[in-house]
Structures are given as C-alpha cells and as structure tokens.
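Engineer: I have a structure here, written as structure tokens, and I will follow up with some questions on it.
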Amino acid sequence: MGWALERDLSALEWFLGYDPALICISFGDPTRGAALAHEAGVSTAMQVGNAAELNRALEDDIDVVIVRGAEGGGHGRNEIGTLPLLQLAIERTRKPVIAAGGIATAHGVAAALAGGAEAVWVGTRFLACSESSAHQRLKERALQAGMDDTVYTRAFDIAQQLPWDPAYGGRALRNTFSDRWADRIPALEEKADDSLRREMVRARTEADVTMAPVYAGQSVEFVRHTETAAEVIAELAEFREVLAHTAQRFS
C-alpha cells in the first residue's frame with residue numbers, strides 16, 4: 001500500500017529479504033517503494049483505477065501496469081470499468097499490462113487477453129477454495145452471493161479507523177452493517193470511536209458476516225461451490241478453447 005510506504009519502508013525492506021520476483025505498489029505514491037525495489041533488483045507493478053493513475057504508472061520506475069476496474073473486490077477506485085482502462089493502457093504503453101476486476105471464468109480471461117492484456121489478476125474466484133484461509137462463514141457467504149450483492153463503500157474502513165485515502169473504498173458483500181451505513185458516511189464518521197472499532201475487530205475475529213466485511217468483486221456470481229485452486233486454474237485455462245472458437249466464428 002503506497003500510502004503506508006510513504007511513511008515507513010520497513011515492511012517492504014523485510015519483504016525484499018525473501019527475494020521476490022515482483023512487488024506491486026498501489027494506493028498512493030509508489031516512488032520511494034519502487035526505488036527501493038529496483039535497488040534490490042526486483043520488478044515493480046502498480047495497480048491503476050483511472051487515467052491519472054495510469055499516467056503515473058507509465059513512468060520509468062514502474063515495470064508492469066495492472067488495470068483494476070471498479071468491478072473488482074477489495075480496495076480500489078470505483079470510477080472506471082476494467083475494459084475501458086485496459087483499452088487505454090494498451091493504446092498508451094508497451095509495458096506488460098495485467099487486467100483485473102470482474103474476471104472469473106475462461107470467457108473473462110479470453111476477453112482480457114484478446115483485448116491485449118498479457119495476463120489477468122483473479123481474486124474473488126478463489127475466495128471459497130478449499131485452500132483459502134478465509135473463515136468458513138465467509139466462504140459460505142460468498143457461495144450464497146450473486147452479482148447484485150456487492151457494495152462499494154468506505155464504511156468498513158471508517159469503523160475500523162483505518163487510514164485509507166478516501167479515494168479508495170472497498171467492494172464487499174452487502175450485509176447489515178453496510179445496509180445501514182454505506183450511504184451515510186458523514187454520519188458514520190461522527191459515530192466512529194474506539195467502541196465501534198472494537199466491535200468491528202470482534203466481528204472480523206469471529207467471522208460475523210452481518211457486520212464484518214467480506215471483500216469480493218462482482219464476479220462473486222461465479223463462486224458457486226467449493227473447489228480447489230487447481231480446479232479453478234484448470235477451468236480458467238480453457239480460455240484457449242474460447243479464443244479458438246471465437247476466431248472460427250469470424251474467419
């Protein structure tokens with residue numbers, strides 16, 4: 001998280017000790033973190049959610065551009081969809097571009113790769129996998145949810161008093177807490193205190209899905225049963241058949 005690295009690089013320094021191949025720095029100015037990564041010989045990526053962030057990612061200290069559309073789960077911007085961002089990035093750079101946000105099936109992978117992406121970044125589809133460390137109640141909530149069941153809000157961060165930039169809310173599954181507060185942010189900011197923070201921490205610790213956030217994107221529609229990560233990858237890899245069939249349709 002770029003906003004955290006602007007204040008303290010120690011977490012990145014610790015991580016670089018494990019000799020990673022790539023570090024992704026997003027949600028704030030990546031300059032200090034990218035410089036440290038390059039000094040260690042590590043490539044850098046930046047997740048972008050609008051045209052201004054794309055402009056920053058095109059500077060020399062970023063090696064890989066990740067276009068994350070508003071459909072995506074977890075933190076990010078809620079401004080532009082994955083496809084428009086992907087088209088703009090492909091038009092403007094020869095750097096590798098990864099597409100993220102709303103991709104969960106072989107057809108989604110095929111669409112992104114056909115549009116010029118070098119790869120895709122998939123998160124939500126793995127939420128309920130057997131290897132996932134998420135609590136079983138969170139997995140069950142994801143399995144029950146559909147495409148219309150997500151909400152983009154800062155409410156969960158405000159309740160936990162997390163210092164996220166207001167530009168970056170999070171997409172999560174709707175629950176009792178978000179139904180009450182997602183559209184009443186000023187009122188929640190007035191209410192937020194240590195008591196509310198402790199209650200949200202409790203909810204997260206106990207996997208109380210009526211209050212705690214279950215971060216997931218609109219592609220949660222395709223999280224339909226428990227499966228292994230290998231099974232998900234095998235299904236996503238069917239993008240080759242999708243592209244071959246599409247090519248035949250228009251030949």
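Ordering of the structure tokens sets the chain letters (A, B, ...); residue numbers start at 1 within each chain; ligands are numbered from 1 in the order shown.
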Name the residues in contact with region 109-113 of chain A at a cut-off of 7 Å, using only C-alpha atoms, excluding same-chain residues fewer than 4 positions from it; report them as a tab-separated table (two decimals) with N, CA, C and O atoms, in the first residue's frame.
Structural biologist:
chain	number	residue	atom	x	y	z
A	99	ALA	N	-4.86	-7.31	-16.58
A	99	ALA	CA	-6.25	-6.88	-16.39
A	99	ALA	C	-6.80	-7.50	-15.11
A	99	ALA	O	-6.63	-8.68	-14.85
A	103	ILE	N	-13.03	-10.57	-13.43
A	103	ILE	CA	-12.63	-11.72	-14.26
A	103	ILE	C	-12.67	-12.98	-13.41
A	103	ILE	O	-11.99	-13.07	-12.38
A	105	THR	N	-13.94	-16.35	-15.11
A	105	THR	CA	-14.22	-17.52	-15.94
A	105	THR	C	-13.27	-17.54	-17.14
A	105	THR	O	-12.58	-16.55	-17.42
A	117	ALA	N	-4.27	-7.68	-22.98
A	117	ALA	CA	-3.60	-7.91	-21.70
A	117	ALA	C	-2.59	-9.05	-21.83
A	117	ALA	O	-2.81	-10.01	-22.57
A	118	GLU	N	-1.50	-8.93	-21.08
A	118	GLU	CA	-0.51	-10.01	-21.03
A	118	GLU	C	-0.96	-11.11	-20.08
A	118	GLU	O	-0.53	-12.26	-20.22
A	119	ALA	N	-1.78	-10.76	-19.12
A	119	ALA	CA	-2.21	-11.70	-18.10
A	119	ALA	C	-3.44	-11.14	-17.41
A	119	ALA	O	-3.84	-9.99	-17.67
A	120	VAL	N	-4.04	-11.94	-16.54
A	120	VAL	CA	-5.16	-11.47	-15.74
A	120	VAL	C	-4.84	-11.67	-14.26
A	120	VAL	O	-4.03	-12.51	-13.89
A	236	LEU	N	-10.03	-21.84	-15.81
A	236	LEU	CA	-9.63	-20.58	-16.42
A	236	LEU	C	-8.77	-20.83	-17.66
A	236	LEU	O	-8.81	-20.05	-18.62
A	239	PHE	N	-9.54	-20.79	-21.60
A	239	PHE	CA	-9.64	-19.60	-22.45
A	239	PHE	C	-9.14	-19.88	-23.86
A	239	PHE	O	-9.57	-19.25	-24.83
A	242	VAL	N	-11.95	-21.04	-25.89
A	242	VAL	CA	-12.87	-19.92	-26.14
A	242	VAL	C	-12.34	-19.05	-27.28
A	242	VAL	O	-13.08	-18.69	-28.21
A	243	LEU	N	-11.05	-18.73	-27.25
A	243	LEU	CA	-10.47	-17.89	-28.30
A	243	LEU	C	-10.47	-18.61	-29.64
A	243	LEU	O	-10.74	-18.00	-30.69
Engineer: Under the rule of at most 8 Å, produce a per-residue listing of region 46-153 of chain A near region 191-214 of chain A: chain, number, name, the closest pair of atoms, and the distance in Å, as a Markdown table, using only C-alpha atoms.
Structural biologist:
| residue | atom | partner | partner_atom | distance |
| --- | --- | --- | --- | --- |
| A:His135 | CA | A:Ala207 | CA | 6.5 |
| A:Arg137 | CA | A:Ala207 | CA | 6.3 |
| A:Leu138 | CA | A:Val214 | CA | 6.4 |
| A:Arg141 | CA | A:Val209 | CA | 7.5 |
| A:Ala142 | CA | A:Val214 | CA | 7.8 |
Engineer: Let's have the selection written as a tab-separated table (two decimals), in the first residue's frame, with all heavy atoms.
Structural biologist:
chain	number	residue	atom	x	y	z
A	135	HIS	N	-12.34	-17.69	6.76
A	135	HIS	CA	-13.19	-18.45	7.66
A	135	HIS	C	-14.33	-19.10	6.88
A	135	HIS	O	-14.80	-18.57	5.87
A	135	HIS	CB	-13.75	-17.51	8.73
A	135	HIS	CG	-14.40	-18.22	9.88
A	135	HIS	ND1	-15.66	-18.78	9.81
A	135	HIS	CD2	-13.97	-18.46	11.16
A	135	HIS	CE1	-15.98	-19.33	10.97
A	135	HIS	NE2	-14.96	-19.15	11.80
A	137	ARG	N	-17.41	-19.29	7.46
A	137	ARG	CA	-18.62	-18.47	7.34
A	137	ARG	C	-18.48	-17.44	6.21
A	137	ARG	O	-19.47	-17.12	5.54
A	137	ARG	CB	-18.94	-17.78	8.67
A	137	ARG	CG	-19.59	-18.71	9.67
A	137	ARG	CD	-20.24	-17.94	10.81
A	137	ARG	NE	-19.28	-17.38	11.74
A	137	ARG	CZ	-18.81	-18.04	12.80
A	137	ARG	NH1	-19.21	-19.27	13.06
A	137	ARG	NH2	-17.93	-17.46	13.61
A	138	LEU	N	-17.26	-16.94	6.01
A	138	LEU	CA	-17.04	-16.02	4.90
A	138	LEU	C	-17.18	-16.76	3.56
A	138	LEU	O	-17.76	-16.23	2.60
A	138	LEU	CB	-15.66	-15.38	5.00
A	138	LEU	CG	-15.55	-14.10	5.84
A	138	LEU	CD1	-15.87	-14.38	7.29
A	138	LEU	CD2	-14.16	-13.47	5.70
A	141	ARG	N	-20.83	-17.34	2.85
A	141	ARG	CA	-21.50	-16.10	2.40
A	141	ARG	C	-21.19	-15.84	0.94
A	141	ARG	O	-22.07	-15.44	0.17
A	141	ARG	CB	-21.01	-14.93	3.27
A	141	ARG	CG	-21.63	-13.59	2.88
A	141	ARG	CD	-23.10	-13.54	3.21
A	141	ARG	NE	-23.69	-12.29	2.72
A	141	ARG	CZ	-24.27	-12.15	1.54
A	141	ARG	NH1	-24.34	-13.19	0.69
A	141	ARG	NH2	-24.78	-10.99	1.17
A	142	ALA	N	-19.95	-16.07	0.53
A	142	ALA	CA	-19.58	-15.88	-0.87
A	142	ALA	C	-20.32	-16.86	-1.78
A	142	ALA	O	-20.76	-16.50	-2.87
A	142	ALA	CB	-18.07	-16.02	-1.04
Engineer: Among the residues of region 59-226 of chain A, find those DSSP assigns to helix (DSSP H, G or I) from the backbone and print them as number ranges by chain.
Structural biologist: A: 82-92, 106-114, 124-126, 136-144, 147-149, 155-160, 176-181, 185-191, 194-205, 218-222
Engineer: Tell me, which residues of region 2-223 of chain A carry DSSP strand (DSSP E or B), written as JSON, numbers by chain?
Structural biologist: {"A": [22, 23, 24, 43, 44, 45, 46, 47, 48, 64, 65, 66, 67, 68, 74, 75, 76, 97, 98, 99, 100, 119, 120, 121, 150, 151, 152, 153, 169, 170, 171, 172, 173, 215]}
Engineer: Atoms to include: N, CA, C and O atoms. Write the selected residues as a CSV table (one decimal), in the first residue's frame.
Structural biologist:
chain,number,residue,atom,x,y,z
A,22,LEU,N,8.5,-9.9,-7.9
A,22,LEU,CA,7.7,-8.7,-8.3
A,22,LEU,C,7.1,-8.2,-7.0
A,22,LEU,O,6.7,-8.9,-6.1
A,23,ILE,N,7.1,-6.8,-6.9
A,23,ILE,CA,6.4,-6.2,-5.9
A,23,ILE,C,5.3,-5.2,-6.5
A,23,ILE,O,5.7,-4.4,-7.4
A,24,CYS,N,4.1,-5.2,-6.0
A,24,CYS,CA,3.1,-4.4,-6.5
A,24,CYS,C,2.8,-3.2,-5.5
A,24,CYS,O,2.5,-3.5,-4.3
A,43,SER,N,11.4,-6.3,-9.9
A,43,SER,CA,10.5,-5.6,-10.7
A,43,SER,C,9.3,-5.0,-10.0
A,43,SER,O,8.9,-5.6,-8.9
A,44,THR,N,8.7,-4.0,-10.5
A,44,THR,CA,7.6,-3.3,-9.8
A,44,THR,C,6.4,-3.3,-10.7
A,44,THR,O,6.4,-3.2,-11.9
A,45,ALA,N,5.2,-3.4,-10.0
A,45,ALA,CA,3.9,-3.2,-10.7
A,45,ALA,C,3.1,-2.2,-9.9
A,45,ALA,O,3.4,-1.9,-8.7
A,46,MET,N,2.2,-1.6,-10.6
A,46,MET,CA,1.3,-0.6,-10.0
A,46,MET,C,-0.1,-0.8,-10.5
A,46,MET,O,-0.4,-1.0,-11.7
A,47,GLN,N,-1.1,-0.9,-9.5
A,47,GLN,CA,-2.5,-1.1,-9.8
A,47,GLN,C,-3.1,0.3,-10.1
A,47,GLN,O,-2.9,1.2,-9.3
A,48,VAL,N,-3.8,0.5,-11.2
A,48,VAL,CA,-4.4,1.8,-11.5
A,48,VAL,C,-5.9,1.7,-11.7
A,48,VAL,O,-6.4,0.6,-12.1
A,64,VAL,N,5.3,-2.9,-14.7
A,64,VAL,CA,4.1,-3.6,-15.1
A,64,VAL,C,2.9,-2.8,-14.6
A,64,VAL,O,2.9,-2.3,-13.5
A,65,VAL,N,2.0,-2.7,-15.5
A,65,VAL,CA,0.7,-1.9,-15.2
A,65,VAL,C,-0.4,-2.9,-15.0
A,65,VAL,O,-0.6,-3.8,-15.8
A,66,ILE,N,-1.1,-2.7,-13.9
A,66,ILE,CA,-2.3,-3.5,-13.6
A,66,ILE,C,-3.5,-2.6,-13.7
A,66,ILE,O,-3.7,-1.7,-12.8
A,67,VAL,N,-4.4,-2.8,-14.6
A,67,VAL,CA,-5.6,-2.0,-14.7
A,67,VAL,C,-6.7,-2.8,-13.9
A,67,VAL,O,-7.1,-3.8,-14.3
A,68,ARG,N,-7.1,-2.1,-12.8
A,68,ARG,CA,-8.1,-2.7,-11.9
A,68,ARG,C,-9.4,-1.9,-12.1
A,68,ARG,O,-9.5,-0.8,-11.7
A,74,GLY,N,-12.5,-5.8,-2.9
A,74,GLY,CA,-11.5,-5.2,-2.1
A,74,GLY,C,-11.2,-3.8,-2.4
A,74,GLY,O,-12.1,-3.1,-3.1
A,75,HIS,N,-10.1,-3.2,-2.0
A,75,HIS,CA,-9.9,-1.8,-2.1
A,75,HIS,C,-9.4,-1.4,-3.5
A,75,HIS,O,-8.8,-2.1,-4.2
A,76,GLY,N,-9.8,-0.2,-3.9
A,76,GLY,CA,-9.5,0.4,-5.2
A,76,GLY,C,-10.5,1.5,-5.5
A,76,GLY,O,-11.2,1.9,-4.6
A,97,VAL,N,0.7,-5.3,-19.5
A,97,VAL,CA,-0.5,-4.8,-18.9
A,97,VAL,C,-1.3,-6.1,-18.4
A,97,VAL,O,-1.5,-7.0,-19.1
A,98,ILE,N,-1.6,-6.0,-17.1
A,98,ILE,CA,-2.4,-7.1,-16.5
A,98,ILE,C,-3.8,-6.5,-16.2
A,98,ILE,O,-4.0,-5.4,-15.8
A,99,ALA,N,-4.9,-7.3,-16.6
A,99,ALA,CA,-6.2,-6.9,-16.4
A,99,ALA,C,-6.8,-7.5,-15.1
A,99,ALA,O,-6.6,-8.7,-14.9
A,100,ALA,N,-7.5,-6.7,-14.3
A,100,ALA,CA,-8.0,-7.1,-13.0
A,100,ALA,C,-9.4,-6.5,-12.8
A,100,ALA,O,-9.7,-5.4,-13.3
A,119,ALA,N,-1.8,-10.8,-19.1
A,119,ALA,CA,-2.2,-11.7,-18.1
A,119,ALA,C,-3.4,-11.1,-17.4
A,119,ALA,O,-3.8,-10.0,-17.7
A,120,VAL,N,-4.0,-11.9,-16.5
A,120,VAL,CA,-5.2,-11.5,-15.7
A,120,VAL,C,-4.8,-11.7,-14.3
A,120,VAL,O,-4.0,-12.5,-13.9
A,121,TRP,N,-5.5,-10.9,-13.4
A,121,TRP,CA,-5.3,-10.9,-12.0
A,121,TRP,C,-6.7,-11.3,-11.4
A,121,TRP,O,-7.7,-10.6,-11.6
A,150,THR,N,-23.0,-7.0,-4.1
A,150,THR,CA,-21.8,-6.3,-3.6
A,150,THR,C,-22.2,-4.8,-3.4
A,150,THR,O,-23.1,-4.3,-4.0
A,151,VAL,N,-21.3,-4.2,-2.6
A,151,VAL,CA,-21.5,-2.7,-2.4
A,151,VAL,C,-20.1,-2.1,-2.3
A,151,VAL,O,-19.1,-2.8,-1.8
A,152,TYR,N,-19.9,-0.9,-2.8
A,152,TYR,CA,-18.6,-0.2,-2.7
A,152,TYR,C,-18.8,0.9,-1.7
A,152,TYR,O,-19.7,1.7,-1.8
A,153,THR,N,-17.9,0.8,-0.7
A,153,THR,CA,-18.1,1.8,0.4
A,153,THR,C,-16.8,1.9,1.2
A,153,THR,O,-15.9,1.1,1.2
A,169,GLY,N,-12.2,3.3,-1.5
A,169,GLY,CA,-13.1,2.5,-0.7
A,169,GLY,C,-12.9,1.0,-1.0
A,169,GLY,O,-11.9,0.6,-1.6
A,170,GLY,N,-13.8,0.2,-0.7
A,170,GLY,CA,-13.7,-1.2,-0.9
A,170,GLY,C,-15.0,-1.9,-1.4
A,170,GLY,O,-16.1,-1.5,-0.9
A,171,ARG,N,-14.9,-2.8,-2.3
A,171,ARG,CA,-16.1,-3.5,-2.7
A,171,ARG,C,-16.2,-4.8,-1.9
A,171,ARG,O,-15.3,-5.6,-1.9
A,172,ALA,N,-17.3,-5.0,-1.2
A,172,ALA,CA,-17.6,-6.1,-0.4
A,172,ALA,C,-19.0,-6.6,-0.5
A,172,ALA,O,-19.8,-6.0,-1.2
A,173,LEU,N,-19.3,-7.8,0.1
A,173,LEU,CA,-20.7,-8.2,0.0
A,173,LEU,C,-21.5,-7.4,1.0
A,173,LEU,O,-21.1,-7.1,2.1
A,215,TYR,N,-14.8,-9.0,1.6
A,215,TYR,CA,-14.4,-8.3,0.3
A,215,TYR,C,-14.5,-9.3,-0.9
A,215,TYR,O,-13.8,-10.3,-0.9
Engineer: For Trp181 (chain A), find every residue with an atom within 12 Å (counting only C-alpha atoms), except residues of its own chain fewer than 2 positions away, and show them as a ChimeraX atom specification.
Structural biologist: /A:151-159,174-179,183-192,211
Engineer: Enter the distance from CA of Gln218 (chain A) to CA of Asp29 (chain A), in Å, rounded to one decimal.
Structural biologist: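 Spanning CA of Gln218 (chain A) to CA of Asp29 (chain A) is a straight-line distance of 27.4 Å.
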Engineer: Have a look at CA of Pro96 (chain A) and CA of Asp60 (chain A) and let me know their distance in Å, one decimal.
Structural biologist: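 One can read the CA of Pro96 (chain A) to CA of Asp60 (chain A) distance as 13.0 Å.
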Engineer: Record the distance separating CA of Gly28 (chain A) and CA of Trp3 (chain A), expressed in Å with one decimal.
Structural biologist: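 Rounded to one decimal, the two atoms are 4.7 Å apart.
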Engineer: Per residue of region 163-211 of chain A within 12 Å of region 4-15 of chain A, note the shortest atom pair and the distance in Å to one decimal, counting only C-alpha atoms, and order the rows by chain and increasing residue number, as JSON lines.
Structural biologist:
{"residue": "A:Pro163", "atom": "CA", "partner": "A:Ala4", "partner_atom": "CA", "distance": 8.8}
{"residue": "A:Trp164", "atom": "CA", "partner": "A:Ala4", "partner_atom": "CA", "distance": 9.0}
{"residue": "A:Asp165", "atom": "CA", "partner": "A:Ala4", "partner_atom": "CA", "distance": 10.4}
Engineer: Name the residues in contact with Val232 (chain A) at a cut-off of 9 Å, using only C-alpha atoms, excluding same-chain residues fewer than 3 positions from it; report them as a PyMOL selection string.
Structural biologist: chain A and resi 104-105+125-126+129+227-229+235-237
Engineer: Next, the residues of the selection above should be written as a PDB file, in the first residue's frame with all heavy atoms.
Structural biologist:
ATOM      1  N   ALA A 104     -13.464 -13.971 -13.837  1.00  0.00           N
ATOM      2  CA  ALA A 104     -13.624 -15.166 -13.008  1.00  0.00           C
ATOM      3  C   ALA A 104     -13.879 -16.433 -13.798  1.00  0.00           C
ATOM      4  O   ALA A 104     -14.022 -17.504 -13.206  1.00  0.00           O
ATOM      5  CB  ALA A 104     -14.771 -14.966 -12.011  1.00  0.00           C
ATOM      6  N   THR A 105     -13.943 -16.347 -15.114  1.00  0.00           N
ATOM      7  CA  THR A 105     -14.216 -17.520 -15.941  1.00  0.00           C
ATOM      8  C   THR A 105     -13.274 -17.540 -17.136  1.00  0.00           C
ATOM      9  O   THR A 105     -12.582 -16.550 -17.419  1.00  0.00           O
ATOM     10  CB  THR A 105     -15.663 -17.504 -16.476  1.00  0.00           C
ATOM     11  OG1 THR A 105     -15.802 -16.417 -17.423  1.00  0.00           O
ATOM     12  CG2 THR A 105     -16.672 -17.318 -15.339  1.00  0.00           C
ATOM     13  N   ARG A 125     -12.677 -15.261  -7.334  1.00  0.00           N
ATOM     14  CA  ARG A 125     -12.989 -16.648  -7.699  1.00  0.00           C
ATOM     15  C   ARG A 125     -12.336 -17.653  -6.745  1.00  0.00           C
ATOM     16  O   ARG A 125     -12.810 -18.774  -6.574  1.00  0.00           O
ATOM     17  CB  ARG A 125     -12.552 -16.903  -9.140  1.00  0.00           C
ATOM     18  CG  ARG A 125     -12.842 -18.310  -9.658  1.00  0.00           C
ATOM     19  CD  ARG A 125     -14.343 -18.599  -9.776  1.00  0.00           C
ATOM     20  NE  ARG A 125     -14.586 -20.011  -9.988  1.00  0.00           N
ATOM     21  CZ  ARG A 125     -14.493 -20.628 -11.178  1.00  0.00           C
ATOM     22  NH1 ARG A 125     -14.176 -19.944 -12.262  1.00  0.00           N
ATOM     23  NH2 ARG A 125     -14.728 -21.918 -11.265  1.00  0.00           N
ATOM     24  N   PHE A 126     -11.244 -17.250  -6.091  1.00  0.00           N
ATOM     25  CA  PHE A 126     -10.522 -18.148  -5.196  1.00  0.00           C
ATOM     26  C   PHE A 126     -10.986 -18.052  -3.739  1.00  0.00           C
ATOM     27  O   PHE A 126     -10.486 -18.777  -2.885  1.00  0.00           O
ATOM     28  CB  PHE A 126      -9.018 -17.852  -5.258  1.00  0.00           C
ATOM     29  CG  PHE A 126      -8.390 -18.193  -6.584  1.00  0.00           C
ATOM     30  CD1 PHE A 126      -8.196 -17.220  -7.546  1.00  0.00           C
ATOM     31  CD2 PHE A 126      -8.005 -19.494  -6.870  1.00  0.00           C
ATOM     32  CE1 PHE A 126      -7.621 -17.524  -8.768  1.00  0.00           C
ATOM     33  CE2 PHE A 126      -7.427 -19.816  -8.083  1.00  0.00           C
ATOM     34  CZ  PHE A 126      -7.233 -18.828  -9.044  1.00  0.00           C
ATOM     35  N   CYS A 129     -12.202 -21.324  -2.214  1.00  0.00           N
ATOM     36  CA  CYS A 129     -11.416 -22.525  -2.497  1.00  0.00           C
ATOM     37  C   CYS A 129     -11.046 -23.244  -1.203  1.00  0.00           C
ATOM     38  O   CYS A 129     -10.925 -22.629  -0.144  1.00  0.00           O
ATOM     39  CB  CYS A 129     -10.148 -22.162  -3.255  1.00  0.00           C
ATOM     40  SG  CYS A 129     -10.415 -21.834  -5.011  1.00  0.00           S
ATOM     41  N   GLU A 227     -14.165 -25.621  -4.331  1.00  0.00           N
ATOM     42  CA  GLU A 227     -13.287 -26.338  -5.254  1.00  0.00           C
ATOM     43  C   GLU A 227     -11.852 -26.007  -4.891  1.00  0.00           C
ATOM     44  O   GLU A 227     -11.584 -25.115  -4.085  1.00  0.00           O
ATOM     45  CB  GLU A 227     -13.597 -25.944  -6.702  1.00  0.00           C
ATOM     46  CG  GLU A 227     -13.605 -24.449  -6.937  1.00  0.00           C
ATOM     47  CD  GLU A 227     -14.266 -24.064  -8.255  1.00  0.00           C
ATOM     48  OE1 GLU A 227     -14.296 -24.896  -9.177  1.00  0.00           O
ATOM     49  OE2 GLU A 227     -14.745 -22.924  -8.361  1.00  0.00           O
ATOM     50  N   THR A 228     -10.932 -26.745  -5.478  1.00  0.00           N
ATOM     51  CA  THR A 228      -9.521 -26.469  -5.203  1.00  0.00           C
ATOM     52  C   THR A 228      -9.036 -25.360  -6.131  1.00  0.00           C
ATOM     53  O   THR A 228      -9.620 -25.097  -7.185  1.00  0.00           O
ATOM     54  CB  THR A 228      -8.662 -27.711  -5.427  1.00  0.00           C
ATOM     55  OG1 THR A 228      -8.683 -28.047  -6.831  1.00  0.00           O
ATOM     56  CG2 THR A 228      -9.182 -28.900  -4.606  1.00  0.00           C
ATOM     57  N   ALA A 229      -7.930 -24.734  -5.733  1.00  0.00           N
ATOM     58  CA  ALA A 229      -7.331 -23.714  -6.584  1.00  0.00           C
ATOM     59  C   ALA A 229      -6.926 -24.314  -7.931  1.00  0.00           C
ATOM     60  O   ALA A 229      -7.043 -23.656  -8.976  1.00  0.00           O
ATOM     61  CB  ALA A 229      -6.129 -23.091  -5.885  1.00  0.00           C
ATOM     62  N   GLU A 235     -10.008 -24.577 -15.072  1.00  0.00           N
ATOM     63  CA  GLU A 235     -11.164 -24.011 -15.786  1.00  0.00           C
ATOM     64  C   GLU A 235     -10.790 -22.709 -16.494  1.00  0.00           C
ATOM     65  O   GLU A 235     -11.164 -22.484 -17.650  1.00  0.00           O
ATOM     66  CB  GLU A 235     -12.311 -23.766 -14.818  1.00  0.00           C
ATOM     67  CG  GLU A 235     -13.550 -23.211 -15.506  1.00  0.00           C
ATOM     68  CD  GLU A 235     -14.679 -22.933 -14.532  1.00  0.00           C
ATOM     69  OE1 GLU A 235     -14.727 -23.572 -13.462  1.00  0.00           O
ATOM     70  OE2 GLU A 235     -15.506 -22.066 -14.841  1.00  0.00           O
ATOM     71  N   LEU A 236     -10.033 -21.840 -15.806  1.00  0.00           N
ATOM     72  CA  LEU A 236      -9.625 -20.580 -16.422  1.00  0.00           C
ATOM     73  C   LEU A 236      -8.768 -20.831 -17.657  1.00  0.00           C
ATOM     74  O   LEU A 236      -8.807 -20.055 -18.622  1.00  0.00           O
ATOM     75  CB  LEU A 236      -8.867 -19.719 -15.412  1.00  0.00           C
ATOM     76  CG  LEU A 236      -9.640 -19.242 -14.171  1.00  0.00           C
ATOM     77  CD1 LEU A 236      -8.726 -18.445 -13.254  1.00  0.00           C
ATOM     78  CD2 LEU A 236     -10.859 -18.415 -14.561  1.00  0.00           C
ATOM     79  N   ALA A 237      -7.975 -21.898 -17.633  1.00  0.00           N
ATOM     80  CA  ALA A 237      -7.089 -22.213 -18.752  1.00  0.00           C
ATOM     81  C   ALA A 237      -7.849 -22.605 -20.013  1.00  0.00           C
ATOM     82  O   ALA A 237      -7.256 -22.684 -21.101  1.00  0.00           O
ATOM     83  CB  ALA A 237      -6.119 -23.330 -18.359  1.00  0.00           C
TER      84      ALA A 237
END
